[in-house]
Each structure stands twice: as C-alpha cells, then as structure tokens.
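One file, input.pdb, carrying PDB, C-alpha atoms:
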ATOM      1  CA  MET A 237      -7.158  18.537  73.693
ATOM      2  CA  TYR A 238      -4.485  19.645  76.125
ATOM      3  CA  ILE A 239      -0.904  19.479  74.921
ATOM      4  CA  ASP A 240       1.698  19.360  77.687
ATOM      5  CA  THR A 241       4.497  21.677  76.603
ATOM      6  CA  ASP A 242       6.160  22.139  79.990
ATOM      7  CA  ASP A 243       9.246  20.156  79.000
ATOM      8  CA  TRP A 244       9.580  21.654  75.510
ATOM      9  CA  ASP A 245      12.670  23.566  74.580
ATOM     10  CA  LYS A 246      13.234  25.970  71.703
ATOM     11  CA  GLN A 247      14.031  23.154  69.254
ATOM     12  CA  ASP A 248      10.836  21.270  70.187
ATOM     13  CA  TYR A 249       8.791  24.424  69.622
ATOM     14  CA  LEU A 250      10.421  25.072  66.276
ATOM     15  CA  ALA A 251       9.982  21.425  65.252
ATOM     16  CA  PHE A 252       6.276  21.760  66.096
ATOM     17  CA  ILE A 253       5.909  24.821  63.861
ATOM     18  CA  LEU A 254       7.918  23.325  61.015
ATOM     19  CA  LEU A 255       5.963  20.082  61.160
ATOM     20  CA  TYR A 256       2.698  22.054  61.111
ATOM     21  CA  LEU A 257       3.929  23.975  58.088
ATOM     22  CA  ALA A 258       5.130  20.813  56.354
ATOM     23  CA  GLU A 259       1.686  19.255  56.750
ATOM     24  CA  ALA A 260      -0.204  22.382  55.655
ATOM     25  CA  ASP A 261      -0.441  21.278  52.036
ATOM     26  CA  GLY A 262      -1.708  17.837  53.048
ATOM     27  CA  GLN A 263       1.466  16.173  51.819
ATOM     28  CA  LEU A 264       4.105  15.527  54.433
ATOM     29  CA  GLU A 265       7.142  14.785  52.312
ATOM     30  CA  ASP A 266      10.157  12.730  53.363
ATOM     31  CA  GLN A 267      12.514  15.579  52.457
ATOM     32  CA  GLU A 268      10.600  17.898  54.809
ATOM     33  CA  LEU A 269      10.896  15.415  57.666
ATOM     34  CA  GLN A 270      14.566  14.922  56.872
ATOM     35  CA  TYR A 271      15.151  18.682  56.860
ATOM     36  CA  ILE A 272      13.533  19.042  60.298
ATOM     37  CA  ALA A 273      15.482  16.080  61.691
ATOM     38  CA  ASP A 274      18.779  17.320  60.229
ATOM     39  CA  HIS A 275      18.178  20.935  61.264
ATOM     40  CA  LEU A 276      16.917  20.355  64.806
ATOM     41  CA  GLY A 277      17.756  16.768  65.665
ATOM     42  CA  LYS A 278      15.628  13.674  65.211
ATOM     43  CA  GLU A 279      14.882  13.570  68.939
ATOM     44  CA  HIS A 280      13.034  16.897  68.710
ATOM     45  CA  LEU A 281      11.048  15.766  65.695
ATOM     46  CA  ASP A 282      10.134  12.493  67.414
ATOM     47  CA  HIS A 283       9.235  14.316  70.631
ATOM     48  CA  ILE A 284       6.605  16.526  69.024
ATOM     49  CA  ARG A 285       5.152  14.267  66.321
ATOM     50  CA  THR A 286       2.510  12.725  68.563
ATOM     51  CA  PRO A 287       1.255  15.970  70.127
ATOM     52  CA  ALA A 288       1.312  17.675  66.723
ATOM     53  CA  SER A 289      -0.784  14.915  65.189
ATOM     54  CA  GLN A 290      -3.367  15.060  67.968
ATOM     55  CA  CYS A 291      -4.348  18.713  67.704
ATOM     56  CA  ASN A 292      -6.517  20.497  65.202
ATOM     57  CA  ASP A 293      -5.502  23.750  63.492
ATOM     58  CA  ILE A 294      -6.947  25.980  66.214
ATOM     59  CA  GLN A 295      -5.206  24.030  68.972
ATOM     60  CA  CYS A 296      -1.912  23.992  67.085
ATOM     61  CA  LEU A 297      -2.049  27.743  66.490
ATOM     62  CA  GLU A 298      -2.877  28.280  70.164
ATOM     63  CA  VAL A 299       0.208  26.310  71.207
ATOM     64  CA  MET A 300       2.314  28.363  68.794
ATOM     65  CA  GLN A 301       0.890  31.644  70.112
ATOM     66  CA  VAL A 302       1.307  30.801  73.777
ATOM     67  CA  LEU A 303       4.905  29.601  73.475
ATOM     68  CA  ARG A 304       6.290  32.176  71.040
ATOM     69  CA  PRO A 305       7.101  34.813  73.704
ATOM     70  CA  ARG A 306       9.098  32.194  75.615
ATOM     71  CA  PHE A 307      11.217  31.017  72.679
ATOM     72  CA  TYR A 308      11.015  33.753  70.015
ATOM     73  CA  PRO A 309      10.116  37.020  71.759
ATOM     74  CA  GLY A 310       9.348  40.288  70.039
ATOM     75  CA  GLU A 311       9.462  41.299  66.418
ATOM     76  CA  ALA A 312      12.989  39.936  66.014
ATOM     77  CA  GLY A 313      11.760  36.557  67.232
ATOM     78  CA  LEU A 314       8.917  36.568  64.728
ATOM     79  CA  GLU A 315      11.308  37.415  61.888
ATOM     80  CA  ALA A 316      13.608  34.574  62.981
ATOM     81  CA  LEU A 317      10.651  32.171  62.907
ATOM     82  CA  LYS A 318       9.692  33.318  59.424
ATOM     83  CA  ARG A 319      13.266  32.661  58.260
ATOM     84  CA  GLU A 320      13.130  29.174  59.771
ATOM     85  CA  MET A 321       9.813  28.433  58.042
ATOM     86  CA  THR A 322      11.169  29.753  54.747
ATOM     87  CA  GLY A 323      14.203  27.478  55.146
ATOM     88  CA  LEU A 324      11.932  24.442  55.360
ATOM     89  CA  CYS A 325      10.031  25.453  52.236
ATOM     90  CA  GLN A 326      13.229  26.095  50.316
ATOM     91  CA  ALA A 327      14.439  22.605  51.200
ATOM     92  CA  GLY A 328      11.753  21.206  48.898
ATOM     93  CA  GLU A 329      11.833  21.107  45.158
ATOM     94  CA  HIS A 330      10.236  24.532  44.879
ATOM     95  CA  PHE A 331       8.972  27.266  47.186
ATOM     96  CA  SER A 332       5.350  27.613  46.145
ATOM     97  CA  GLN A 333       3.069  30.596  46.491
ATOM     98  CA  PHE A 334       0.873  28.453  48.742
ATOM     99  CA  GLU A 335       3.778  27.811  51.118
ATOM    100  CA  HIS A 336       4.585  31.515  51.186
ATOM    101  CA  GLU A 337       0.969  32.315  52.052
ATOM    102  CA  VAL A 338       0.890  29.692  54.820
ATOM    103  CA  ILE A 339       4.041  31.214  56.348
ATOM    104  CA  GLU A 340       2.398  34.635  56.319
ATOM    105  CA  MET A 341      -0.824  33.221  57.804
ATOM    106  CA  ILE A 342       1.064  31.553  60.630
ATOM    107  CA  ALA A 343       3.134  34.681  61.276
ATOM    108  CA  LYS A 344      -0.017  36.816  61.513
ATOM    109  CA  GLN A 345      -1.392  34.470  64.159
ATOM    110  CA  LEU A 346       1.767  34.686  66.231
TER     111      LEU A 346
END
Take the structure in the file and give it back as structure tokens.
Amino acid sequence: MYIDTDDWDKQDYLAFILLYLAEADGQLEDQELQYIADHLGKEHLDHIRTPASQCNDIQCLEVMQVLRPRFYPGEAGLEALKREMTGLCQAGEHFSQFEHEVIEMIAKQL
C-alpha cells in the first residue's frame, strides 16, 4: 500500500512513529493516545491514524526510514527520536523491557 506523505510535517512523522510504538504491544492505551495528542497536537494524531492503520510492519518501517533524513537527520536526529519514543513509554504506568526493546528495534531500522 502506498502512503502519501507529501504533506506531512515533523509532528505528523513523529506522531506516526509514536502511534506505531504505542500499538507494538497490541494494546493501544488511552493514555498513550492522550500523550501523543497532548505532545504533538490532536490534529497530527488524527492526520496519521488512518495511514498508520492501513500499513503492515514492513510498510510502516519503510515510511519511517524514508522520512527520517527529512525530519530527524543524522545521529543527533536518531537520538532525538529515541528520546521521543522513550517519553511515550514513560507516560504509561511503567516502562517495560518489551517497550525498551521495541524502541531499540525501531532505531536500528532507521
């Protein structure tokens, strides 16, 4: 499936990654959605929810890989993304080992 990202901005891209991470454990929690909406704006969350729900893991990772140089270039950009992902996980009741491993897996793909 093709995902049109031409009109995405940095907040849309980050919302896409955070939503992917939030769904990684198969349980999209209200507090995770609220964190994304509060952190980036509900309009960014709403904008990417449909495309994010229509892609499989490989397609989602491809979108993340292709857009990272545009919004989070270089090693500093990757570290900033990891901090953002960690922030989402810390917003929950606990930061699990699984969540930490998913962050590392995503970072390795980017």
Please provide as a PDB file with C-alpha atoms, in the coordinates of the input all residues within 9 Å of A:Ile253, with the sequence filter that same-chain residues fewer than 5 positions apart are discarded (counting only C-alpha atoms).
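Now in around_12.pdb:
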ATOM      1  CA  ASP A 248      10.836  21.270  70.187  1.00  0.00           C
ATOM      2  CA  ALA A 258       5.130  20.813  56.354  1.00  0.00           C
ATOM      3  CA  ALA A 288       1.312  17.675  66.723  1.00  0.00           C
ATOM      4  CA  CYS A 296      -1.912  23.992  67.085  1.00  0.00           C
ATOM      5  CA  LEU A 297      -2.049  27.743  66.490  1.00  0.00           C
ATOM      6  CA  MET A 300       2.314  28.363  68.794  1.00  0.00           C
ATOM      7  CA  LEU A 317      10.651  32.171  62.907  1.00  0.00           C
ATOM      8  CA  MET A 321       9.813  28.433  58.042  1.00  0.00           C
ATOM      9  CA  ILE A 342       1.064  31.553  60.630  1.00  0.00           C
TER      10      ILE A 342
END
Pick from A:Asp266, A:Glu259, A:Glu315, A:Glu337, whichever lies nearest to A:Ser289 using all atoms listed in the file: A:Glu259
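Shortest separation to A:Glu311 among A:Lys246, A:Lys344, A:Lys278, A:His283 occurs at residue A:Lys344, atoms counted being only C-alpha atoms.
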Among listed residues A:Ala260, A:Phe252, A:Arg304, A:Pro287, nearest A:Ala273 (using all atoms listed in the file):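 With all atoms listed in the file as the atom set, the closest residue is A:Phe252.
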From A:Gln267, A:Gln247, A:Gln345, A:Gln333, residue lying nearest A:Val302 [all atoms listed in the file]: A:Gln345
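Minimum distance to A:Trp244 across A:Leu324, A:Leu303, A:Val338, A:Ala343 (counting only C-alpha atoms) occurs at A:Leu303.
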Exercise: A:Asp261 partners within 12 Å, only C-alpha atoms, chain neighbours under 4 positions left out, as JSON, numbers by chain: {"A": [255, 256, 257, 265, 268, 325, 332, 333, 334, 335, 336, 337, 338, 339]}
Minimum-distance residue to A:Gly323, chosen among A:Ile272, A:Met341, A:Ile294, A:Leu281 (using only C-alpha atoms):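 Once distances to A:Gly323 are computed over only C-alpha atoms, the minimum belongs to A:Ile272.
Atom pair atom CA of A:Arg319 / atom CA of A:Asn292 has a distance of 24.2 Å (rounded to one decimal).
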Residue contacts of A:Arg306 (12 Å, all atoms listed in the file) excluding same-chain residues fewer than 5 positions away, as a PyMOL selection string: chain A and resi 241-242+244-246+249-250+299-301+313-314
Between atom CA of A:Gln270 and atom CA of A:Arg285 - distance in Å to one decimal: 13.4 Å
d(atom CA of A:Ala251, atom CA of A:Asp274) in Å: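 Computing the Euclidean distance for atom CA of A:Ala251 and atom CA of A:Asp274 yields 10.9 Å.
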Using all atoms of stretch 288-304 of chain A that appear in the file, construct an axis-aligned enclosing box with 5 Å of padding on every side and provide its centre coordinates and edge lengths in Å, rounded to one decimal, as lines of an AutoDock Vina configuration file.
center_x = -0.3
center_y = 23.5
center_z = 68.6
size_x = 23.2
size_y = 27.3
size_z = 20.3
